[in-house]
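Raw data13.txt, compact mmCIF, C-alpha atoms:
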# COMPACT_ATOMS: atom_id res chain seq x y z
CA MET A 3 -11.92 15.93 -12.72
CA SER A 4 -8.51 15.06 -14.18
CA SER A 5 -7.32 11.49 -14.67
CA THR A 6 -4.67 11.89 -12.00
CA SER A 7 -7.24 13.25 -9.53
CA GLN A 8 -9.47 10.26 -10.23
CA LEU A 9 -6.56 7.87 -9.70
CA ALA A 10 -5.65 9.61 -6.44
CA LYS A 11 -9.26 9.26 -5.30
CA ARG A 12 -9.24 5.53 -6.10
CA PHE A 13 -5.92 5.12 -4.30
CA ARG A 14 -7.23 6.89 -1.19
CA GLU A 15 -10.38 4.73 -1.28
CA VAL A 16 -8.47 1.48 -0.88
CA LEU A 17 -5.94 2.75 1.64
CA LEU A 18 -7.48 5.52 3.70
CA ASP A 19 -11.16 6.28 3.49
CA GLY A 20 -13.16 4.56 0.81
CA LEU A 21 -15.97 2.07 0.84
CA TRP A 22 -16.84 1.95 -2.85
CA ILE A 23 -15.45 -1.33 -4.22
CA ALA A 24 -14.65 -3.47 -1.18
CA ASN A 25 -16.90 -1.71 1.33
CA THR A 26 -13.78 -1.30 3.47
CA ASN A 27 -10.19 -0.04 3.28
CA PHE A 28 -6.81 -0.59 4.92
CA LYS A 29 -7.35 2.03 7.62
CA ASP A 30 -10.72 0.56 8.57
CA GLN A 31 -9.42 -3.03 8.64
CA LEU A 32 -6.29 -2.20 10.65
CA LYS A 33 -7.78 0.22 13.19
CA ASP A 34 -8.54 -2.44 15.81
CA ILE A 35 -5.54 -4.73 15.26
CA THR A 36 -3.03 -4.96 18.09
CA TRP A 37 0.64 -5.59 17.44
CA LYS A 38 0.25 -9.14 18.74
CA LYS A 39 -2.58 -9.90 16.31
CA ALA A 40 -0.72 -8.18 13.49
CA SER A 41 2.27 -10.44 14.17
CA THR A 42 0.30 -13.67 14.61
CA LYS A 43 0.98 -16.28 11.94
CA VAL A 44 -2.01 -18.22 10.60
CA GLY A 45 -0.81 -21.38 8.92
CA SER A 46 1.47 -20.57 5.99
CA LEU A 47 -0.12 -17.16 5.37
CA ASN A 48 1.76 -13.89 5.73
CA THR A 49 1.00 -11.95 8.88
CA ILE A 50 -1.05 -8.77 8.77
CA ALA A 51 2.08 -6.84 9.76
CA MET A 52 4.00 -8.35 6.83
CA LEU A 53 1.26 -7.42 4.37
CA THR A 54 1.09 -3.91 5.81
CA PHE A 55 4.85 -3.51 5.41
CA HIS A 56 4.70 -5.01 1.91
CA ILE A 57 2.12 -2.52 0.62
CA ASP A 58 3.95 0.43 2.16
CA TYR A 59 7.23 -0.80 0.66
CA TYR A 60 5.78 -0.48 -2.84
CA ILE A 61 4.01 2.81 -2.15
CA ALA A 62 7.26 4.33 -0.87
CA GLY A 63 9.19 2.91 -3.84
CA LEU A 64 6.85 4.39 -6.43
CA MET A 65 6.68 7.65 -4.52
CA ASN A 66 10.48 7.93 -4.68
CA VAL A 67 10.21 7.86 -8.48
CA PHE A 68 7.39 10.44 -8.40
CA GLU A 69 9.78 12.73 -6.51
CA GLY A 70 12.51 12.34 -9.13
CA GLY A 71 14.48 9.51 -7.51
CA ASP A 72 15.42 6.09 -8.78
CA LEU A 73 13.35 2.94 -8.60
CA GLU A 74 15.22 1.35 -5.69
CA ILE A 75 12.72 -1.27 -4.54
CA ARG A 76 13.20 -4.96 -5.29
CA ASP A 77 10.59 -7.70 -5.01
CA GLN A 78 12.98 -9.88 -3.03
CA PHE A 79 12.99 -7.33 -0.18
CA SER A 80 9.29 -6.50 -0.15
CA PHE A 81 8.50 -8.76 2.82
CA ASP A 82 11.63 -7.94 4.87
CA LEU A 83 9.69 -6.58 7.82
CA PRO A 84 11.79 -5.97 10.91
CA SER A 85 10.35 -7.77 13.92
CA ILE A 86 7.45 -5.93 15.56
CA GLU A 87 7.91 -6.16 19.35
CA SER A 88 5.48 -3.57 20.69
CA GLN A 89 2.28 -1.67 20.06
CA GLU A 90 4.40 1.43 19.53
CA GLU A 91 6.36 -0.23 16.70
CA TRP A 92 3.12 -1.47 15.10
CA GLU A 93 1.59 2.00 15.31
CA GLY A 94 4.78 3.40 13.77
CA LEU A 95 4.34 1.07 10.78
CA LEU A 96 0.68 2.07 10.47
CA ASN A 97 1.48 5.78 10.70
CA LYS A 98 4.12 5.37 8.01
CA LEU A 99 1.56 3.66 5.76
CA TRP A 100 -1.03 6.44 6.33
CA SER A 101 1.52 9.19 5.79
CA ASP A 102 3.05 7.58 2.71
CA SER A 103 -0.41 6.89 1.28
CA GLU A 104 -1.54 10.47 1.65
CA LYS A 105 1.72 11.78 0.20
CA PHE A 106 1.48 9.32 -2.72
CA ALA A 107 -2.06 10.52 -3.49
CA HIS A 108 -1.02 14.17 -3.19
CA LEU A 109 1.94 13.69 -5.56
CA LEU A 110 -0.34 11.88 -7.98
CA GLU A 111 -2.83 14.77 -7.93
CA GLN A 112 -0.01 17.16 -8.84
CA MET A 113 0.96 15.20 -11.96
CA PRO A 114 -0.36 16.35 -15.31
CA ASP A 115 -2.61 13.83 -17.06
CA SER A 116 -0.05 13.63 -19.86
CA LYS A 117 2.41 11.97 -17.43
CA MET A 118 0.20 8.87 -17.33
CA SER A 119 1.26 7.79 -20.83
CA GLU A 120 4.98 8.31 -20.16
CA VAL A 121 7.37 5.41 -19.57
CA PHE A 122 7.82 4.60 -15.88
CA VAL A 123 11.61 4.42 -15.31
CA ASP A 124 12.20 1.83 -18.07
CA GLU A 125 10.03 0.54 -20.92
CA LYS A 126 9.93 -2.91 -19.32
CA TYR A 127 7.83 -1.41 -16.49
CA GLY A 128 5.27 0.16 -18.79
CA THR A 129 3.70 3.56 -18.22
CA TYR A 130 2.96 5.61 -15.14
CA LEU A 131 -0.71 4.70 -15.55
CA ARG A 132 0.06 0.97 -15.62
CA ASN A 133 2.12 1.23 -12.43
CA ILE A 134 -0.41 3.35 -10.57
CA ASP A 135 -3.30 1.10 -11.61
CA GLY A 136 -1.16 -1.85 -10.59
CA MET A 137 -0.53 -0.32 -7.17
CA ILE A 138 -4.27 0.16 -6.62
CA GLU A 139 -5.04 -3.42 -7.71
CA HIS A 140 -2.16 -4.74 -5.58
CA ALA A 141 -3.57 -2.90 -2.57
CA TYR A 142 -7.06 -4.38 -3.10
CA TYR A 143 -5.54 -7.87 -3.40
CA HIS A 144 -3.74 -7.57 -0.06
CA LEU A 145 -6.71 -5.82 1.56
CA GLY A 146 -8.70 -8.96 0.79
CA GLN A 147 -6.00 -11.10 2.38
CA ILE A 148 -5.93 -8.94 5.51
CA THR A 149 -9.71 -9.11 5.80
CA LEU A 150 -9.64 -12.91 5.62
CA ILE A 151 -6.66 -13.31 7.97
CA LYS A 152 -8.46 -11.18 10.56
CA LYS A 153 -11.34 -13.65 10.48
CA LEU A 154 -8.94 -16.56 10.99
CA LEU A 155 -7.14 -15.02 13.97
CA PRO A 156 -7.98 -16.34 17.41
CA ILE A 157 -10.07 -13.89 19.43
Could you quickly redo this structure as structure tokens?
Amino acid sequence: MSSTSQLAKRFREVLLDGLWIANTNFKDQLKDITWKKASTKVGSLNTIAMLTFHIDYYIAGLMNVFEGGDLEIRDQFSFDLPSIESQEEWEGLLNKLWSDSEKFAHLLEQMPDSKMSEVFVDEKYGTYLRNIDGMIEHAYYHLGQITLIKKLLPI
């Protein structure tokens, strides 16, 4: 199995269908969350909807580079979630995350292993491998937050 295929598998595990490291994934944790729960603030923590948007923001930004575009994302905008006012809007955000995640993994599988050592956009960002590994670690970090916030939400 190629390095890029292994990375794509790890990426899918945290977002879509894996149980290996955390014994859960984004899709599993978000499947029973209503838009009201996703939008409920617990203390000073981000909402589940904000964290969902945040992860997809970075996935979409990296994917744009994979497809030959520029790196257009900026940290300062990564939590700029438009207000979620209905179950339909929440499901739209979830569907975007699932679709973007699958496309990200597919694009990653198509990359040659040699791409992993190439500079990602600019030397200050490191290599493709560093950014993809970072995306996976970032997703696990926020998956943990979502899991804990769910436990803190009122029933």
Cut-off 12 Å: closest region 9-102 of chain A/region 127-144 of chain A atom pairs per residue, using only C-alpha atoms, as a Markdown table:
| residue | atom | partner | partner_atom | distance |
| --- | --- | --- | --- | --- |
| A:Leu9 | CA | A:Ile134 | CA | 7.7 |
| A:Ala10 | CA | A:Ile134 | CA | 9.1 |
| A:Lys11 | CA | A:Ile138 | CA | 10.5 |
| A:Arg12 | CA | A:Ile138 | CA | 7.3 |
| A:Phe13 | CA | A:Ile138 | CA | 5.7 |
| A:Arg14 | CA | A:Ile138 | CA | 9.1 |
| A:Glu15 | CA | A:Ile138 | CA | 9.3 |
| A:Val16 | CA | A:Tyr142 | CA | 6.4 |
| A:Leu17 | CA | A:Ala141 | CA | 7.4 |
| A:Leu18 | CA | A:Ala141 | CA | 11.2 |
| A:Gly20 | CA | A:Tyr142 | CA | 11.5 |
| A:Leu21 | CA | A:Tyr142 | CA | 11.7 |
| A:Trp22 | CA | A:Tyr142 | CA | 11.7 |
| A:Ile23 | CA | A:Tyr142 | CA | 9.0 |
| A:Ala24 | CA | A:Tyr142 | CA | 7.9 |
| A:Asn25 | CA | A:Tyr142 | CA | 11.1 |
| A:Thr26 | CA | A:Tyr142 | CA | 9.9 |
| A:Asn27 | CA | A:Tyr142 | CA | 8.3 |
| A:Phe28 | CA | A:Ala141 | CA | 8.5 |
| A:Lys29 | CA | A:Ala141 | CA | 11.9 |
| A:Gln31 | CA | A:His144 | CA | 11.3 |
| A:Leu47 | CA | A:His144 | CA | 11.6 |
| A:Asn48 | CA | A:His144 | CA | 10.2 |
| A:Thr49 | CA | A:His144 | CA | 11.0 |
| A:Ile50 | CA | A:His144 | CA | 9.3 |
| A:Ala51 | CA | A:His144 | CA | 11.4 |
| A:Met52 | CA | A:His144 | CA | 10.4 |
| A:Leu53 | CA | A:His144 | CA | 6.7 |
| A:Thr54 | CA | A:His144 | CA | 8.4 |
| A:Phe55 | CA | A:His144 | CA | 11.0 |
| A:His56 | CA | A:His144 | CA | 9.0 |
| A:Ile57 | CA | A:Ala141 | CA | 6.5 |
| A:Asp58 | CA | A:Ala141 | CA | 9.5 |
| A:Tyr59 | CA | A:Met137 | CA | 11.0 |
| A:Tyr60 | CA | A:Met137 | CA | 7.7 |
| A:Ile61 | CA | A:Met137 | CA | 7.5 |
| A:Ala62 | CA | A:Met137 | CA | 11.0 |
| A:Gly63 | CA | A:Met137 | CA | 10.8 |
| A:Leu64 | CA | A:Asn133 | CA | 8.3 |
| A:Met65 | CA | A:Ile134 | CA | 10.3 |
| A:Val67 | CA | A:Tyr130 | CA | 10.1 |
| A:Phe68 | CA | A:Tyr130 | CA | 9.4 |
| A:Leu73 | CA | A:Tyr127 | CA | 10.6 |
| A:Leu99 | CA | A:Ala141 | CA | 11.8 |
Please produce a file of the residues just selected, as a PDB file, in the coordinates of the input, where the atoms kept are C-alpha atoms.
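Resulting contents of again-v4.pdb:
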ATOM      1  CA  LEU A   9      -6.560   7.870  -9.700  1.00  0.00           C
ATOM      2  CA  ALA A  10      -5.650   9.610  -6.440  1.00  0.00           C
ATOM      3  CA  LYS A  11      -9.260   9.260  -5.300  1.00  0.00           C
ATOM      4  CA  ARG A  12      -9.240   5.530  -6.100  1.00  0.00           C
ATOM      5  CA  PHE A  13      -5.920   5.120  -4.300  1.00  0.00           C
ATOM      6  CA  ARG A  14      -7.230   6.890  -1.190  1.00  0.00           C
ATOM      7  CA  GLU A  15     -10.380   4.730  -1.280  1.00  0.00           C
ATOM      8  CA  VAL A  16      -8.470   1.480  -0.880  1.00  0.00           C
ATOM      9  CA  LEU A  17      -5.940   2.750   1.640  1.00  0.00           C
ATOM     10  CA  LEU A  18      -7.480   5.520   3.700  1.00  0.00           C
ATOM     11  CA  GLY A  20     -13.160   4.560   0.810  1.00  0.00           C
ATOM     12  CA  LEU A  21     -15.970   2.070   0.840  1.00  0.00           C
ATOM     13  CA  TRP A  22     -16.840   1.950  -2.850  1.00  0.00           C
ATOM     14  CA  ILE A  23     -15.450  -1.330  -4.220  1.00  0.00           C
ATOM     15  CA  ALA A  24     -14.650  -3.470  -1.180  1.00  0.00           C
ATOM     16  CA  ASN A  25     -16.900  -1.710   1.330  1.00  0.00           C
ATOM     17  CA  THR A  26     -13.780  -1.300   3.470  1.00  0.00           C
ATOM     18  CA  ASN A  27     -10.190  -0.040   3.280  1.00  0.00           C
ATOM     19  CA  PHE A  28      -6.810  -0.590   4.920  1.00  0.00           C
ATOM     20  CA  LYS A  29      -7.350   2.030   7.620  1.00  0.00           C
ATOM     21  CA  GLN A  31      -9.420  -3.030   8.640  1.00  0.00           C
ATOM     22  CA  LEU A  47      -0.120 -17.160   5.370  1.00  0.00           C
ATOM     23  CA  ASN A  48       1.760 -13.890   5.730  1.00  0.00           C
ATOM     24  CA  THR A  49       1.000 -11.950   8.880  1.00  0.00           C
ATOM     25  CA  ILE A  50      -1.050  -8.770   8.770  1.00  0.00           C
ATOM     26  CA  ALA A  51       2.080  -6.840   9.760  1.00  0.00           C
ATOM     27  CA  MET A  52       4.000  -8.350   6.830  1.00  0.00           C
ATOM     28  CA  LEU A  53       1.260  -7.420   4.370  1.00  0.00           C
ATOM     29  CA  THR A  54       1.090  -3.910   5.810  1.00  0.00           C
ATOM     30  CA  PHE A  55       4.850  -3.510   5.410  1.00  0.00           C
ATOM     31  CA  HIS A  56       4.700  -5.010   1.910  1.00  0.00           C
ATOM     32  CA  ILE A  57       2.120  -2.520   0.620  1.00  0.00           C
ATOM     33  CA  ASP A  58       3.950   0.430   2.160  1.00  0.00           C
ATOM     34  CA  TYR A  59       7.230  -0.800   0.660  1.00  0.00           C
ATOM     35  CA  TYR A  60       5.780  -0.480  -2.840  1.00  0.00           C
ATOM     36  CA  ILE A  61       4.010   2.810  -2.150  1.00  0.00           C
ATOM     37  CA  ALA A  62       7.260   4.330  -0.870  1.00  0.00           C
ATOM     38  CA  GLY A  63       9.190   2.910  -3.840  1.00  0.00           C
ATOM     39  CA  LEU A  64       6.850   4.390  -6.430  1.00  0.00           C
ATOM     40  CA  MET A  65       6.680   7.650  -4.520  1.00  0.00           C
ATOM     41  CA  VAL A  67      10.210   7.860  -8.480  1.00  0.00           C
ATOM     42  CA  PHE A  68       7.390  10.440  -8.400  1.00  0.00           C
ATOM     43  CA  LEU A  73      13.350   2.940  -8.600  1.00  0.00           C
ATOM     44  CA  LEU A  99       1.560   3.660   5.760  1.00  0.00           C
TER      45      LEU A  99
END
Point-to-point distance from CA of Leu154 (chain A) to CA of Leu96 (chain A), Å rounded to tenths: 21.0 Å
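For the choices A:Leu83, A:Gln8, A:Asp77, A:Met118, the atom-to-atom distance to Leu95 (chain A) is smallest for A:Leu83 when using all atoms listed in the file.
Computed from the coordinates, the CA of Pro156 (chain A) to CA of Lys39 (chain A) distance equals 8.5 Å.
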Interatomic distance (Å, one decimal) between CA of Val44 (chain A) and CA of Gly146 (chain A): 15.1 Å
Centre and size of axis-aligned box enclosing region 81-95 of chain A plus 3 Å each side, as JSON:
{"center_x": 6.7, "center_y": -2.7, "center_z": 11.8, "size_x": 16.2, "size_y": 18.2, "size_z": 23.9}
Shortest interatomic distance to Ile148 (chain A) - which of A:Glu90, A:Glu74, A:Glu111, A:Asp30, counting only C-alpha atoms: A:Asp30
File contents for region 34-70 of chain A with N, CA, C and O atoms as a PDB file, in the first residue's frame:
ATOM      1  N   ASP A  34     -26.232  11.702  15.592  1.00  0.00           N
ATOM      2  CA  ASP A  34     -27.441  11.884  16.386  1.00  0.00           C
ATOM      3  C   ASP A  34     -27.571  13.294  16.964  1.00  0.00           C
ATOM      4  O   ASP A  34     -28.361  13.543  17.869  1.00  0.00           O
ATOM      5  N   ILE A  35     -26.808  14.229  16.432  1.00  0.00           N
ATOM      6  CA  ILE A  35     -26.837  15.607  16.919  1.00  0.00           C
ATOM      7  C   ILE A  35     -27.829  16.434  16.097  1.00  0.00           C
ATOM      8  O   ILE A  35     -27.733  16.481  14.875  1.00  0.00           O
ATOM      9  N   THR A  36     -28.772  17.050  16.781  1.00  0.00           N
ATOM     10  CA  THR A  36     -29.720  17.941  16.113  1.00  0.00           C
ATOM     11  C   THR A  36     -29.076  19.314  15.932  1.00  0.00           C
ATOM     12  O   THR A  36     -28.072  19.631  16.571  1.00  0.00           O
ATOM     13  N   TRP A  37     -29.666  20.120  15.101  1.00  0.00           N
ATOM     14  CA  TRP A  37     -29.128  21.459  14.869  1.00  0.00           C
ATOM     15  C   TRP A  37     -29.137  22.284  16.148  1.00  0.00           C
ATOM     16  O   TRP A  37     -28.243  23.090  16.376  1.00  0.00           O
ATOM     17  N   LYS A  38     -30.141  22.057  16.997  1.00  0.00           N
ATOM     18  CA  LYS A  38     -30.202  22.819  18.248  1.00  0.00           C
ATOM     19  C   LYS A  38     -29.056  22.423  19.174  1.00  0.00           C
ATOM     20  O   LYS A  38     -28.424  23.283  19.785  1.00  0.00           O
ATOM     21  N   LYS A  39     -28.781  21.120  19.276  1.00  0.00           N
ATOM     22  CA  LYS A  39     -27.657  20.690  20.103  1.00  0.00           C
ATOM     23  C   LYS A  39     -26.335  21.149  19.500  1.00  0.00           C
ATOM     24  O   LYS A  39     -25.431  21.563  20.216  1.00  0.00           O
ATOM     25  N   ALA A  40     -26.226  21.068  18.188  1.00  0.00           N
ATOM     26  CA  ALA A  40     -24.994  21.485  17.516  1.00  0.00           C
ATOM     27  C   ALA A  40     -24.711  22.965  17.736  1.00  0.00           C
ATOM     28  O   ALA A  40     -23.555  23.387  17.744  1.00  0.00           O
ATOM     29  N   SER A  41     -25.752  23.745  17.952  1.00  0.00           N
ATOM     30  CA  SER A  41     -25.622  25.195  18.121  1.00  0.00           C
ATOM     31  C   SER A  41     -25.608  25.630  19.585  1.00  0.00           C
ATOM     32  O   SER A  41     -25.476  26.825  19.868  1.00  0.00           O
ATOM     33  N   THR A  42     -25.750  24.686  20.494  1.00  0.00           N
ATOM     34  CA  THR A  42     -25.804  25.015  21.920  1.00  0.00           C
ATOM     35  C   THR A  42     -24.412  25.292  22.464  1.00  0.00           C
ATOM     36  O   THR A  42     -23.496  24.490  22.316  1.00  0.00           O
ATOM     37  N   LYS A  43     -24.279  26.436  23.093  1.00  0.00           N
ATOM     38  CA  LYS A  43     -23.008  26.845  23.701  1.00  0.00           C
ATOM     39  C   LYS A  43     -22.903  26.243  25.098  1.00  0.00           C
ATOM     40  O   LYS A  43     -23.847  26.277  25.867  1.00  0.00           O
ATOM     41  N   VAL A  44     -21.763  25.664  25.408  1.00  0.00           N
ATOM     42  CA  VAL A  44     -21.468  25.138  26.738  1.00  0.00           C
ATOM     43  C   VAL A  44     -20.326  25.974  27.294  1.00  0.00           C
ATOM     44  O   VAL A  44     -19.182  25.853  26.832  1.00  0.00           O
ATOM     45  N   GLY A  45     -20.646  26.831  28.241  1.00  0.00           N
ATOM     46  CA  GLY A  45     -19.628  27.706  28.823  1.00  0.00           C
ATOM     47  C   GLY A  45     -18.929  28.520  27.750  1.00  0.00           C
ATOM     48  O   GLY A  45     -19.564  29.093  26.867  1.00  0.00           O
ATOM     49  N   SER A  46     -17.612  28.528  27.804  1.00  0.00           N
ATOM     50  CA  SER A  46     -16.825  29.296  26.827  1.00  0.00           C
ATOM     51  C   SER A  46     -16.344  28.434  25.661  1.00  0.00           C
ATOM     52  O   SER A  46     -15.572  28.897  24.824  1.00  0.00           O
ATOM     53  N   LEU A  47     -16.809  27.184  25.613  1.00  0.00           N
ATOM     54  CA  LEU A  47     -16.369  26.271  24.555  1.00  0.00           C
ATOM     55  C   LEU A  47     -17.018  26.613  23.214  1.00  0.00           C
ATOM     56  O   LEU A  47     -18.103  27.193  23.167  1.00  0.00           O
ATOM     57  N   ASN A  48     -16.359  26.236  22.139  1.00  0.00           N
ATOM     58  CA  ASN A  48     -16.971  26.359  20.821  1.00  0.00           C
ATOM     59  C   ASN A  48     -18.145  25.398  20.741  1.00  0.00           C
ATOM     60  O   ASN A  48     -18.164  24.372  21.423  1.00  0.00           O
ATOM     61  N   THR A  49     -19.103  25.705  19.897  1.00  0.00           N
ATOM     62  CA  THR A  49     -20.217  24.781  19.688  1.00  0.00           C
ATOM     63  C   THR A  49     -19.766  23.643  18.775  1.00  0.00           C
ATOM     64  O   THR A  49     -18.763  23.760  18.050  1.00  0.00           O
ATOM     65  N   ILE A  50     -20.519  22.577  18.785  1.00  0.00           N
ATOM     66  CA  ILE A  50     -20.239  21.458  17.883  1.00  0.00           C
ATOM     67  C   ILE A  50     -20.337  21.916  16.434  1.00  0.00           C
ATOM     68  O   ILE A  50     -19.516  21.529  15.600  1.00  0.00           O
ATOM     69  N   ALA A  51     -21.293  22.768  16.134  1.00  0.00           N
ATOM     70  CA  ALA A  51     -21.430  23.286  14.764  1.00  0.00           C
ATOM     71  C   ALA A  51     -20.186  24.086  14.365  1.00  0.00           C
ATOM     72  O   ALA A  51     -19.692  23.950  13.239  1.00  0.00           O
ATOM     73  N   MET A  52     -19.671  24.892  15.277  1.00  0.00           N
ATOM     74  CA  MET A  52     -18.471  25.680  14.973  1.00  0.00           C
ATOM     75  C   MET A  52     -17.271  24.782  14.706  1.00  0.00           C
ATOM     76  O   MET A  52     -16.490  25.029  13.780  1.00  0.00           O
ATOM     77  N   LEU A  53     -17.121  23.734  15.497  1.00  0.00           N
ATOM     78  CA  LEU A  53     -16.000  22.816  15.301  1.00  0.00           C
ATOM     79  C   LEU A  53     -16.143  22.033  13.999  1.00  0.00           C
ATOM     80  O   LEU A  53     -15.157  21.772  13.313  1.00  0.00           O
ATOM     81  N   THR A  54     -17.370  21.693  13.655  1.00  0.00           N
ATOM     82  CA  THR A  54     -17.640  20.995  12.399  1.00  0.00           C
ATOM     83  C   THR A  54     -17.269  21.891  11.219  1.00  0.00           C
ATOM     84  O   THR A  54     -16.575  21.468  10.288  1.00  0.00           O
ATOM     85  N   PHE A  55     -17.712  23.131  11.265  1.00  0.00           N
ATOM     86  CA  PHE A  55     -17.372  24.103  10.227  1.00  0.00           C
ATOM     87  C   PHE A  55     -15.864  24.285  10.138  1.00  0.00           C
ATOM     88  O   PHE A  55     -15.285  24.303   9.049  1.00  0.00           O
ATOM     89  N   HIS A  56     -15.225  24.433  11.292  1.00  0.00           N
ATOM     90  CA  HIS A  56     -13.782  24.678  11.382  1.00  0.00           C
ATOM     91  C   HIS A  56     -12.973  23.573  10.687  1.00  0.00           C
ATOM     92  O   HIS A  56     -12.074  23.860   9.883  1.00  0.00           O
ATOM     93  N   ILE A  57     -13.305  22.338  10.966  1.00  0.00           N
ATOM     94  CA  ILE A  57     -12.583  21.218  10.344  1.00  0.00           C
ATOM     95  C   ILE A  57     -12.821  21.210   8.838  1.00  0.00           C
ATOM     96  O   ILE A  57     -11.893  21.040   8.051  1.00  0.00           O
ATOM     97  N   ASP A  58     -14.061  21.406   8.429  1.00  0.00           N
ATOM     98  CA  ASP A  58     -14.342  21.412   6.989  1.00  0.00           C
ATOM     99  C   ASP A  58     -13.648  22.583   6.291  1.00  0.00           C
ATOM    100  O   ASP A  58     -13.191  22.449   5.153  1.00  0.00           O
ATOM    101  N   TYR A  59     -13.541  23.708   6.960  1.00  0.00           N
ATOM    102  CA  TYR A  59     -12.865  24.880   6.400  1.00  0.00           C
ATOM    103  C   TYR A  59     -11.437  24.517   5.995  1.00  0.00           C
ATOM    104  O   TYR A  59     -10.979  24.847   4.895  1.00  0.00           O
ATOM    105  N   TYR A  60     -10.730  23.819   6.874  1.00  0.00           N
ATOM    106  CA  TYR A  60      -9.350  23.432   6.581  1.00  0.00           C
ATOM    107  C   TYR A  60      -9.272  22.319   5.536  1.00  0.00           C
ATOM    108  O   TYR A  60      -8.388  22.339   4.675  1.00  0.00           O
ATOM    109  N   ILE A  61     -10.178  21.374   5.600  1.00  0.00           N
ATOM    110  CA  ILE A  61     -10.196  20.311   4.587  1.00  0.00           C
ATOM    111  C   ILE A  61     -10.385  20.927   3.205  1.00  0.00           C
ATOM    112  O   ILE A  61      -9.645  20.630   2.268  1.00  0.00           O
ATOM    113  N   ALA A  62     -11.373  21.802   3.083  1.00  0.00           N
ATOM    114  CA  ALA A  62     -11.657  22.446   1.790  1.00  0.00           C
ATOM    115  C   ALA A  62     -10.474  23.297   1.327  1.00  0.00           C
ATOM    116  O   ALA A  62     -10.146  23.333   0.139  1.00  0.00           O
ATOM    117  N   GLY A  63      -9.809  23.960   2.266  1.00  0.00           N
ATOM    118  CA  GLY A  63      -8.659  24.799   1.913  1.00  0.00           C
ATOM    119  C   GLY A  63      -7.490  24.002   1.386  1.00  0.00           C
ATOM    120  O   GLY A  63      -6.865  24.375   0.388  1.00  0.00           O
ATOM    121  N   LEU A  64      -7.182  22.891   2.030  1.00  0.00           N
ATOM    122  CA  LEU A  64      -6.094  22.032   1.556  1.00  0.00           C
ATOM    123  C   LEU A  64      -6.471  21.381   0.233  1.00  0.00           C
ATOM    124  O   LEU A  64      -5.650  21.274  -0.677  1.00  0.00           O
ATOM    125  N   MET A  65      -7.722  20.983   0.137  1.00  0.00           N
ATOM    126  CA  MET A  65      -8.194  20.332  -1.088  1.00  0.00           C
ATOM    127  C   MET A  65      -8.062  21.276  -2.293  1.00  0.00           C
ATOM    128  O   MET A  65      -7.719  20.835  -3.385  1.00  0.00           O
ATOM    129  N   ASN A  66      -8.308  22.552  -2.075  1.00  0.00           N
ATOM    130  CA  ASN A  66      -8.166  23.529  -3.151  1.00  0.00           C
ATOM    131  C   ASN A  66      -6.729  23.522  -3.694  1.00  0.00           C
ATOM    132  O   ASN A  66      -6.513  23.599  -4.901  1.00  0.00           O
ATOM    133  N   VAL A  67      -5.760  23.390  -2.793  1.00  0.00           N
ATOM    134  CA  VAL A  67      -4.355  23.313  -3.217  1.00  0.00           C
ATOM    135  C   VAL A  67      -4.119  22.001  -3.964  1.00  0.00           C
ATOM    136  O   VAL A  67      -3.452  21.982  -5.004  1.00  0.00           O
ATOM    137  N   PHE A  68      -4.668  20.897  -3.458  1.00  0.00           N
ATOM    138  CA  PHE A  68      -4.515  19.597  -4.129  1.00  0.00           C
ATOM    139  C   PHE A  68      -4.994  19.678  -5.571  1.00  0.00           C
ATOM    140  O   PHE A  68      -4.467  18.999  -6.444  1.00  0.00           O
ATOM    141  N   GLU A  69      -6.026  20.493  -5.809  1.00  0.00           N
ATOM    142  CA  GLU A  69      -6.613  20.611  -7.145  1.00  0.00           C
ATOM    143  C   GLU A  69      -5.931  21.675  -7.994  1.00  0.00           C
ATOM    144  O   GLU A  69      -6.396  22.009  -9.079  1.00  0.00           O
ATOM    145  N   GLY A  70      -4.816  22.229  -7.501  1.00  0.00           N
ATOM    146  CA  GLY A  70      -4.046  23.187  -8.284  1.00  0.00           C
ATOM    147  C   GLY A  70      -4.340  24.639  -7.979  1.00  0.00           C
ATOM    148  O   GLY A  70      -3.775  25.533  -8.603  1.00  0.00           O
TER     149      GLY A  70
END
